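Here's the structure we're looking at; comments come further down.
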Amino acid sequence: ELPPSHFPAARAAAVALGYLRYLRGGPGRGLELRALRRARRQDIDDVGHKYYLELELEDVLDKDRTVSCTAEVLYGLGSNSSAPDVQITVQGELSSTEEADKEFYNRIRSLEKELVAENIPDSHGNVPPELEPIHLLAWAASGYVIWQNSTENTKFHLAQVKHVKQLKRSDEDLQFDYMLLLHEMVSQEVIPWEVAVLWHPQRGARVCRD
Amino acid sequence: TANMKLILIFGALIGASLCLETFVGHQVLRIKTKNEEEVKQLQLLESLEHLELDFWINPSAPALPVDVRIPAVSVQSVKAFLESQGIEYSILIEDLQDVLDREKQDMAESAQRQRSGSFDFGAYHTLDDINSELDHLASEYSFVEKIQIGESYEKRPLYVLKFSTGGSKRPAIWLDAGIHSREWVTQASALWIANKIASDYGTDASITSLLDRMDLFLLPVANPDGFVYTHTSNRMWRKTRSKIPGSICVGVDPNRNWDAGFGGPGASNKPCSDSYHGPSANSEVEVKSVVDFIKSHGNFKAFLTLHSYSQLLMYPYGYKCTRPDDYAELESLGRAAASSIRSLYGTTFQVGTICKTIYQASGGSIDWSYDNGIKYSFAFELRDTGRYGFLLPANQIIPAAKETWLGLKKIMEHVRD
């Protein structure tokens, strides 16, 4: 049993959240951790360390409600092991983003010039309202990067979208090439990371280049 | 029209009997006359003194608009009259009292801004503006003094606000912010807190009794070189800006540079690292200046430092994972402070030692202060938990400052008592 206020459980929770943001996040949904209710750790010989977590999540666009979920995060042994294995179960429904997704999709598709933006948020923490979906999509993309690159000795957060450029595609997907700044809490480094992500209202976010 | 006139007179009599004195429900209409006949109708209206109509623009010629303030009781009947005559009008002001109330509030806020020298505590400021505000506070309050305890690497003054109502080297509390320059909510909160303490002395019982017995030293920008760099070049800069011999990289992590387990785990020996501990303990003048000041003072009872982000309230140790001797008291006080913080907006802070809560980190300031006899050593990590991180929106500065202040106050009250 681990104290939720201590860092080992907190780091595992960040990995679980990154994974979930990638799977379920997007321009209309930003999942944040409201509370870590419970955490346990199991050491599995020759395999690694497995964390069992009970989380309470909220959507930053709809803070009045929370949703519970359970997660298992397995960090493999060895310093060059692959991404942690994450299983996550959401209890109940996440609020629908259908309308917001459609509106965003149509807005971007109808732009005359490809979208380009930088410094989201800016130095003062401002995000222009029309760029908030771009910010949230970056959060989803960063979720992939965080999940893939985390170990028990790291804790990543998205610090800023340094630059984003839309790439026109001939198919139905939207494509955004992001330059993200990730803050790694243990080393305190702020690391630039390029990631290209596809997004579609029905198909969700997919990282195509990392 | 005879009926209309009866209604108008009747309405006016009711109004007179109610003796209304405010402007609640009064409307201002703009009337657009089309011809001389309509102008004459309005002049007739004007002559009915018991209606108490207040013409801001009197009816004179068809081409000119007529603006009139109508007392609440007469509004419906005047409108009915205009409509029955086919006279066009629009509503300029729906409720005059609303407008007056808002104007009064704007004026009060403006006056408050004038008094505080127009400093917006809910915005992020440059170093120059912050230093001006320190001067302003020192000049406005007799018990606030701006002192210089040293200079940064790039020769910027290290300014501390001394809050002292008298005595000679009274037991003192230390509070610093911005030792890591990218943590902007901390410098901003420190300013708000300074203003809060100064303006509440004499009216708030707790602050008054605190400053009547103890002195407070507040360093709002502990790393001015880094802070300027976050404005001019790299918003994510953390360290000092000192040149490191033999390296192209610049800067030392000032919170790994204190003489407490210096060079141990949780700090890097690589100059390019954001947690580089520096060539030796106290190598950074920003750190040495504080160390020298506190040692020569000799009577500090508390050492409090502000960081962001993560919403944590921590006490020693960071350089080792064993509990300090005063663990029970510090844990209990930390919980009480976190509880106070939560009472305002529900913001939760986790409480614990640095080593267990965040990571093992050597060379930290509160470890140094604790090992040098300052029992009440706490480090705060302010809002948020990662949504905005270092880039906390300015509209959260004052809420963050207010809740943090409650936590600090709880600790200071315990120290005082």
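Going by the structure tokens order, chains are called A, B, ..., each with residues numbered from 1, while ligands are numbered from 1 in the order shown.
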
For the strand (DSSP E or B) assignment from backbone DSSP, which residues of region 11-194 of chain A qualify? Please present them as an mmCIF file with N, CA and C atoms, in the first residue's frame.
data_model
loop_
_atom_site.group_PDB
_atom_site.id
_atom_site.type_symbol
_atom_site.label_atom_id
_atom_site.label_comp_id
_atom_site.auth_asym_id
_atom_site.auth_seq_id
_atom_site.Cartn_x
_atom_site.Cartn_y
_atom_site.Cartn_z
ATOM 1 N N GLY A 26 -8.840 15.042 -26.546
ATOM 2 C CA GLY A 26 -8.967 15.616 -27.878
ATOM 3 C C GLY A 26 -9.316 17.089 -27.751
ATOM 4 N N ARG A 29 -11.980 17.679 -25.067
ATOM 5 C CA ARG A 29 -11.947 17.034 -23.742
ATOM 6 C C ARG A 29 -10.516 17.060 -23.197
ATOM 7 N N LEU A 31 -8.610 15.849 -19.818
ATOM 8 C CA LEU A 31 -8.754 15.124 -18.550
ATOM 9 C C LEU A 31 -7.636 15.503 -17.592
ATOM 10 N N GLU A 32 -8.034 15.793 -16.365
ATOM 11 C CA GLU A 32 -7.084 16.203 -15.339
ATOM 12 C C GLU A 32 -7.324 15.330 -14.116
ATOM 13 N N LEU A 33 -6.289 15.163 -13.303
ATOM 14 C CA LEU A 33 -6.422 14.348 -12.098
ATOM 15 C C LEU A 33 -6.987 15.214 -10.977
ATOM 16 N N ARG A 34 -8.162 14.862 -10.471
ATOM 17 C CA ARG A 34 -8.718 15.574 -9.327
ATOM 18 C C ARG A 34 -8.090 15.058 -8.046
ATOM 19 N N ALA A 35 -8.017 13.741 -7.921
ATOM 20 C CA ALA A 35 -7.413 13.167 -6.712
ATOM 21 C C ALA A 35 -6.947 11.748 -6.975
ATOM 22 N N LEU A 36 -5.874 11.362 -6.295
ATOM 23 C CA LEU A 36 -5.423 9.977 -6.295
ATOM 24 C C LEU A 36 -5.919 9.377 -4.989
ATOM 25 N N ARG A 37 -6.859 8.441 -5.112
ATOM 26 C CA ARG A 37 -7.530 7.962 -3.889
ATOM 27 C C ARG A 37 -6.726 6.864 -3.205
ATOM 28 N N ARG A 38 -6.133 6.007 -4.015
ATOM 29 C CA ARG A 38 -5.481 4.844 -3.398
ATOM 30 C C ARG A 38 -4.416 4.313 -4.347
ATOM 31 N N ALA A 39 -3.348 3.765 -3.785
ATOM 32 C CA ALA A 39 -2.296 3.207 -4.626
ATOM 33 C C ALA A 39 -1.638 2.019 -3.940
ATOM 34 N N ARG A 40 -1.352 1.002 -4.739
ATOM 35 C CA ARG A 40 -0.615 -0.156 -4.224
ATOM 36 C C ARG A 40 0.490 -0.485 -5.212
ATOM 37 N N ARG A 41 1.540 -1.104 -4.708
ATOM 38 C CA ARG A 41 2.622 -1.509 -5.595
ATOM 39 C C ARG A 41 2.927 -2.977 -5.406
ATOM 40 N N GLN A 42 3.154 -3.639 -6.527
ATOM 41 C CA GLN A 42 3.489 -5.065 -6.476
ATOM 42 C C GLN A 42 4.797 -5.265 -7.223
ATOM 43 N N ASP A 43 5.769 -5.886 -6.553
ATOM 44 C CA ASP A 43 7.032 -6.170 -7.219
ATOM 45 C C ASP A 43 6.979 -7.578 -7.795
ATOM 46 N N ILE A 44 7.097 -7.680 -9.114
ATOM 47 C CA ILE A 44 6.989 -8.989 -9.783
ATOM 48 C C ILE A 44 8.377 -9.408 -10.240
ATOM 49 N N GLY A 48 8.971 -6.630 -13.267
ATOM 50 C CA GLY A 48 9.040 -5.196 -12.973
ATOM 51 C C GLY A 48 8.154 -4.817 -11.806
ATOM 52 N N HIS A 49 7.783 -3.557 -11.722
ATOM 53 C CA HIS A 49 6.935 -3.046 -10.650
ATOM 54 C C HIS A 49 5.585 -2.667 -11.209
ATOM 55 N N LYS A 50 4.541 -3.174 -10.550
ATOM 56 C CA LYS A 50 3.186 -2.904 -11.036
ATOM 57 C C LYS A 50 2.450 -2.062 -9.999
ATOM 58 N N TYR A 51 1.878 -0.965 -10.462
ATOM 59 C CA TYR A 51 1.133 -0.068 -9.583
ATOM 60 C C TYR A 51 -0.354 -0.222 -9.850
ATOM 61 N N TYR A 52 -1.123 -0.310 -8.783
ATOM 62 C CA TYR A 52 -2.597 -0.379 -8.867
ATOM 63 C C TYR A 52 -3.120 0.927 -8.310
ATOM 64 N N LEU A 53 -3.891 1.653 -9.115
ATOM 65 C CA LEU A 53 -4.298 2.999 -8.717
ATOM 66 C C LEU A 53 -5.809 3.173 -8.772
ATOM 67 N N GLU A 54 -6.329 3.970 -7.819
ATOM 68 C CA GLU A 54 -7.727 4.417 -7.894
ATOM 69 C C GLU A 54 -7.689 5.938 -8.039
ATOM 70 N N LEU A 55 -8.227 6.415 -9.155
ATOM 71 C CA LEU A 55 -8.116 7.828 -9.497
ATOM 72 C C LEU A 55 -9.485 8.478 -9.594
ATOM 73 N N GLU A 56 -9.503 9.787 -9.317
ATOM 74 C CA GLU A 56 -10.700 10.569 -9.584
ATOM 75 C C GLU A 56 -10.312 11.628 -10.613
ATOM 76 N N LEU A 57 -11.011 11.638 -11.733
ATOM 77 C CA LEU A 57 -10.654 12.525 -12.832
ATOM 78 C C LEU A 57 -11.717 13.575 -13.054
ATOM 79 N N GLU A 58 -11.312 14.689 -13.672
ATOM 80 C CA GLU A 58 -12.285 15.685 -14.094
ATOM 81 C C GLU A 58 -11.929 16.144 -15.508
ATOM 82 N N ASP A 59 -12.934 16.641 -16.204
ATOM 83 C CA ASP A 59 -12.724 17.244 -17.513
ATOM 84 C C ASP A 59 -12.574 18.745 -17.274
ATOM 85 N N ASP A 62 -15.458 20.824 -17.842
ATOM 86 C CA ASP A 62 -16.715 20.523 -17.156
ATOM 87 C C ASP A 62 -16.377 20.099 -15.731
ATOM 88 N N LYS A 63 -15.914 21.083 -14.928
ATOM 89 C CA LYS A 63 -15.316 20.734 -13.644
ATOM 90 C C LYS A 63 -16.313 20.336 -12.572
ATOM 91 N N ASP A 64 -17.622 20.458 -12.880
ATOM 92 C CA ASP A 64 -18.605 20.154 -11.846
ATOM 93 C C ASP A 64 -18.762 18.670 -11.578
ATOM 94 N N ARG A 65 -18.318 17.867 -12.537
ATOM 95 C CA ARG A 65 -18.467 16.448 -12.267
ATOM 96 C C ARG A 65 -17.113 15.761 -12.330
ATOM 97 N N THR A 66 -17.021 14.639 -11.642
ATOM 98 C CA THR A 66 -15.801 13.844 -11.716
ATOM 99 C C THR A 66 -16.178 12.426 -12.121
ATOM 100 N N VAL A 67 -15.145 11.699 -12.529
ATOM 101 C CA VAL A 67 -15.370 10.326 -12.941
ATOM 102 C C VAL A 67 -14.267 9.488 -12.291
ATOM 103 N N SER A 68 -14.645 8.334 -11.767
ATOM 104 C CA SER A 68 -13.648 7.472 -11.119
ATOM 105 C C SER A 68 -13.043 6.536 -12.128
ATOM 106 N N CYS A 69 -11.790 6.173 -11.886
ATOM 107 C CA CYS A 69 -11.241 5.123 -12.715
ATOM 108 C C CYS A 69 -10.168 4.364 -11.967
ATOM 109 N N THR A 70 -9.935 3.149 -12.419
ATOM 110 C CA THR A 70 -8.861 2.340 -11.857
ATOM 111 C C THR A 70 -7.831 2.121 -12.949
ATOM 112 N N ALA A 71 -6.567 2.030 -12.538
ATOM 113 C CA ALA A 71 -5.509 1.864 -13.529
ATOM 114 C C ALA A 71 -4.450 0.926 -13.001
ATOM 115 N N GLU A 72 -3.803 0.232 -13.934
ATOM 116 C CA GLU A 72 -2.633 -0.581 -13.595
ATOM 117 C C GLU A 72 -1.494 -0.104 -14.476
ATOM 118 N N VAL A 73 -0.381 0.213 -13.838
ATOM 119 C CA VAL A 73 0.787 0.675 -14.570
ATOM 120 C C VAL A 73 1.938 -0.268 -14.265
ATOM 121 N N LEU A 74 2.469 -0.919 -15.300
ATOM 122 C CA LEU A 74 3.579 -1.862 -15.114
ATOM 123 C C LEU A 74 4.835 -1.280 -15.741
ATOM 124 N N TYR A 75 5.778 -0.931 -14.890
ATOM 125 C CA TYR A 75 7.091 -0.494 -15.381
ATOM 126 C C TYR A 75 7.970 -1.724 -15.517
ATOM 127 N N GLY A 76 8.547 -1.925 -16.698
ATOM 128 C CA GLY A 76 9.417 -3.084 -16.891
ATOM 129 C C GLY A 76 10.777 -2.879 -16.243
ATOM 130 N N ASP A 85 3.414 -0.556 -19.389
ATOM 131 C CA ASP A 85 2.166 -1.141 -19.825
ATOM 132 C C ASP A 85 1.045 -0.566 -18.974
ATOM 133 N N VAL A 86 0.033 -0.028 -19.611
ATOM 134 C CA VAL A 86 -1.044 0.622 -18.849
ATOM 135 C C VAL A 86 -2.385 0.006 -19.194
ATOM 136 N N GLN A 87 -3.143 -0.333 -18.159
ATOM 137 C CA GLN A 87 -4.542 -0.743 -18.333
ATOM 138 C C GLN A 87 -5.373 0.252 -17.556
ATOM 139 N N ILE A 88 -6.443 0.713 -18.161
ATOM 140 C CA ILE A 88 -7.241 1.700 -17.434
ATOM 141 C C ILE A 88 -8.726 1.446 -17.663
ATOM 142 N N THR A 89 -9.509 1.549 -16.603
ATOM 143 C CA THR A 89 -10.948 1.347 -16.701
ATOM 144 C C THR A 89 -11.655 2.565 -16.139
ATOM 145 N N VAL A 90 -12.494 3.168 -16.966
ATOM 146 C CA VAL A 90 -13.241 4.336 -16.510
ATOM 147 C C VAL A 90 -14.602 3.879 -16.033
ATOM 148 N N GLN A 91 -14.939 4.245 -14.794
ATOM 149 C CA GLN A 91 -16.266 3.882 -14.275
ATOM 150 C C GLN A 91 -17.254 4.965 -14.656
ATOM 151 N N VAL A 116 -1.458 28.169 -37.988
ATOM 152 C CA VAL A 116 -0.118 28.235 -37.397
ATOM 153 C C VAL A 116 -0.252 29.032 -36.102
ATOM 154 N N ALA A 117 0.379 28.541 -35.057
ATOM 155 C CA ALA A 117 0.317 29.288 -33.791
ATOM 156 C C ALA A 117 1.539 28.950 -32.950
ATOM 157 N N GLU A 118 1.781 29.799 -31.964
ATOM 158 C CA GLU A 118 2.910 29.505 -31.079
ATOM 159 C C GLU A 118 2.646 29.995 -29.663
ATOM 160 N N ASN A 119 3.423 29.461 -28.752
ATOM 161 C CA ASN A 119 3.349 29.840 -27.333
ATOM 162 C C ASN A 119 1.945 29.755 -26.760
ATOM 163 N N ILE A 120 1.485 28.511 -26.644
ATOM 164 C CA ILE A 120 0.185 28.257 -26.047
ATOM 165 C C ILE A 120 0.382 27.449 -24.784
ATOM 166 N N PHE A 156 6.414 13.609 -16.085
ATOM 167 C CA PHE A 156 6.319 14.602 -17.147
ATOM 168 C C PHE A 156 5.015 15.377 -17.100
ATOM 169 N N HIS A 157 5.084 16.656 -17.470
ATOM 170 C CA HIS A 157 3.890 17.469 -17.714
ATOM 171 C C HIS A 157 4.116 18.252 -18.995
ATOM 172 N N LEU A 158 3.033 18.586 -19.690
ATOM 173 C CA LEU A 158 3.160 19.475 -20.838
ATOM 174 C C LEU A 158 3.336 20.893 -20.313
ATOM 175 N N ALA A 159 4.477 21.514 -20.614
ATOM 176 C CA ALA A 159 4.744 22.866 -20.111
ATOM 177 C C ALA A 159 4.165 23.923 -21.043
ATOM 178 N N GLN A 160 4.296 23.700 -22.353
ATOM 179 C CA GLN A 160 3.829 24.704 -23.304
ATOM 180 C C GLN A 160 3.830 24.116 -24.715
ATOM 181 N N VAL A 161 2.906 24.591 -25.545
ATOM 182 C CA VAL A 161 2.988 24.312 -26.973
ATOM 183 C C VAL A 161 3.840 25.423 -27.557
ATOM 184 N N LYS A 162 5.062 25.081 -27.950
ATOM 185 C CA LYS A 162 5.962 26.123 -28.439
ATOM 186 C C LYS A 162 5.525 26.575 -29.824
ATOM 187 N N HIS A 163 5.098 25.591 -30.630
ATOM 188 C CA HIS A 163 4.736 25.887 -32.020
ATOM 189 C C HIS A 163 3.786 24.810 -32.528
ATOM 190 N N VAL A 164 2.827 25.202 -33.348
ATOM 191 C CA VAL A 164 1.967 24.216 -33.989
ATOM 192 C C VAL A 164 1.674 24.657 -35.407
ATOM 193 N N LYS A 165 1.721 23.694 -36.306
ATOM 194 C CA LYS A 165 1.473 23.989 -37.713
ATOM 195 C C LYS A 165 0.545 22.927 -38.264
ATOM 196 N N GLN A 166 -0.505 23.386 -38.918
ATOM 197 C CA GLN A 166 -1.419 22.427 -39.528
ATOM 198 C C GLN A 166 -0.879 22.016 -40.891
ATOM 199 N N LEU A 167 -1.019 20.730 -41.197
ATOM 200 C CA LEU A 167 -0.632 20.257 -42.532
ATOM 201 C C LEU A 167 -1.894 19.816 -43.260
ATOM 202 N N LEU A 174 -7.454 15.622 -39.858
ATOM 203 C CA LEU A 174 -6.695 16.851 -39.647
ATOM 204 C C LEU A 174 -5.302 16.432 -39.176
ATOM 205 N N GLN A 175 -4.281 17.171 -39.599
ATOM 206 C CA GLN A 175 -2.930 16.884 -39.110
ATOM 207 C C GLN A 175 -2.307 18.149 -38.534
ATOM 208 N N PHE A 176 -1.728 17.990 -37.355
ATOM 209 C CA PHE A 176 -1.026 19.092 -36.709
ATOM 210 C C PHE A 176 0.374 18.628 -36.318
ATOM 211 N N ASP A 177 1.351 19.412 -36.712
ATOM 212 C CA ASP A 177 2.725 19.142 -36.285
ATOM 213 C C ASP A 177 3.036 20.067 -35.110
ATOM 214 N N TYR A 178 3.279 19.454 -33.981
ATOM 215 C CA TYR A 178 3.512 20.219 -32.761
ATOM 216 C C TYR A 178 4.991 20.214 -32.389
ATOM 217 N N MET A 179 5.444 21.341 -31.840
ATOM 218 C CA MET A 179 6.689 21.361 -31.077
ATOM 219 C C MET A 179 6.253 21.615 -29.638
ATOM 220 N N LEU A 180 6.379 20.610 -28.810
ATOM 221 C CA LEU A 180 5.938 20.722 -27.424
ATOM 222 C C LEU A 180 7.135 20.951 -26.515
ATOM 223 N N LEU A 181 6.890 21.603 -25.389
ATOM 224 C CA LEU A 181 7.885 21.645 -24.319
ATOM 225 C C LEU A 181 7.357 20.792 -23.179
ATOM 226 N N LEU A 182 8.096 19.760 -22.840
ATOM 227 C CA LEU A 182 7.700 18.900 -21.727
ATOM 228 C C LEU A 182 8.570 19.221 -20.515
ATOM 229 N N HIS A 183 7.935 19.360 -19.363
ATOM 230 C CA HIS A 183 8.662 19.590 -18.111
ATOM 231 C C HIS A 183 8.810 18.263 -17.402
ATOM 232 N N GLU A 184 10.062 17.884 -17.126
ATOM 233 C CA GLU A 184 10.300 16.647 -16.373
ATOM 234 C C GLU A 184 10.653 17.053 -14.944
ATOM 235 N N VAL A 190 13.283 21.128 -19.032
ATOM 236 C CA VAL A 190 12.203 21.411 -19.966
ATOM 237 C C VAL A 190 12.704 20.971 -21.338
ATOM 238 N N ILE A 191 12.060 19.972 -21.886
ATOM 239 C CA ILE A 191 12.581 19.258 -23.060
ATOM 240 C C ILE A 191 11.700 19.522 -24.271
ATOM 241 N N PRO A 192 12.277 19.997 -25.379
ATOM 242 C CA PRO A 192 11.459 20.166 -26.586
ATOM 243 C C PRO A 192 11.204 18.809 -27.226
ATOM 244 N N TRP A 193 9.992 18.663 -27.752
ATOM 245 C CA TRP A 193 9.613 17.369 -28.334
ATOM 246 C C TRP A 193 8.706 17.610 -29.523
ATOM 247 N N GLU A 194 9.114 17.111 -30.688
ATOM 248 C CA GLU A 194 8.282 17.241 -31.884
ATOM 249 C C GLU A 194 7.339 16.056 -31.980
#

Proximal residues of chain B relative to chain A (only C-alpha atoms; 10 Å) as a PyMOL selection string: chain B and resi 123-125+182+184-185+230-231+234-238+253+266-268+272-276+309-310+312+348-361+385-396

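Look at Ile57 (chain B): the protein and nucleic acid residues within 10 Å of it, using only C-alpha atoms and passing over chain neighbours fewer than 4 places away, are Arg30, Ile31, Leu64, Pro65, Val66, Asp67, Val68 and Arg69 of chain B.
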
Closest of B:Val24, B:Leu53, B:Leu218, B:Val250 to Gln97 (chain B) - atom-to-atom distances counting only C-alpha atoms: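 Looking at the shortest contact to Gln97 (chain B), the residue is B:Val24.
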
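With distances restricted to only C-alpha atoms, B:Glu133 is the closest residue to Ala188 (chain B) from B:Glu133, B:Asp98, B:Asp384, B:Glu329.
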
Those in region 122-198 of chain A with helix (DSSP H, G or I) from DSSP, as a list in words: Pro129, Glu130, Leu131, Glu132, Pro133, Ile134, His135, Leu136, Leu137, Ala138, Trp139, Ala140, Ala141, Ser142, Gly143, Tyr144, Val145, Ile146, Trp147, Gln148 and Asn149 of chain A

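Between Trp199 (chain A) and the candidates A:Pro84, A:Lys102, A:Pro128, A:Gly18, the tightest atom-to-atom separation, counting only C-alpha atoms, involves A:Lys102.
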
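Comparing the minimum interatomic distances between Ala172 (chain B) and each of B:Ser209, B:Thr126, B:Gln85, B:Asn299, counting only C-alpha atoms, we find that B:Asn299 sits nearest.
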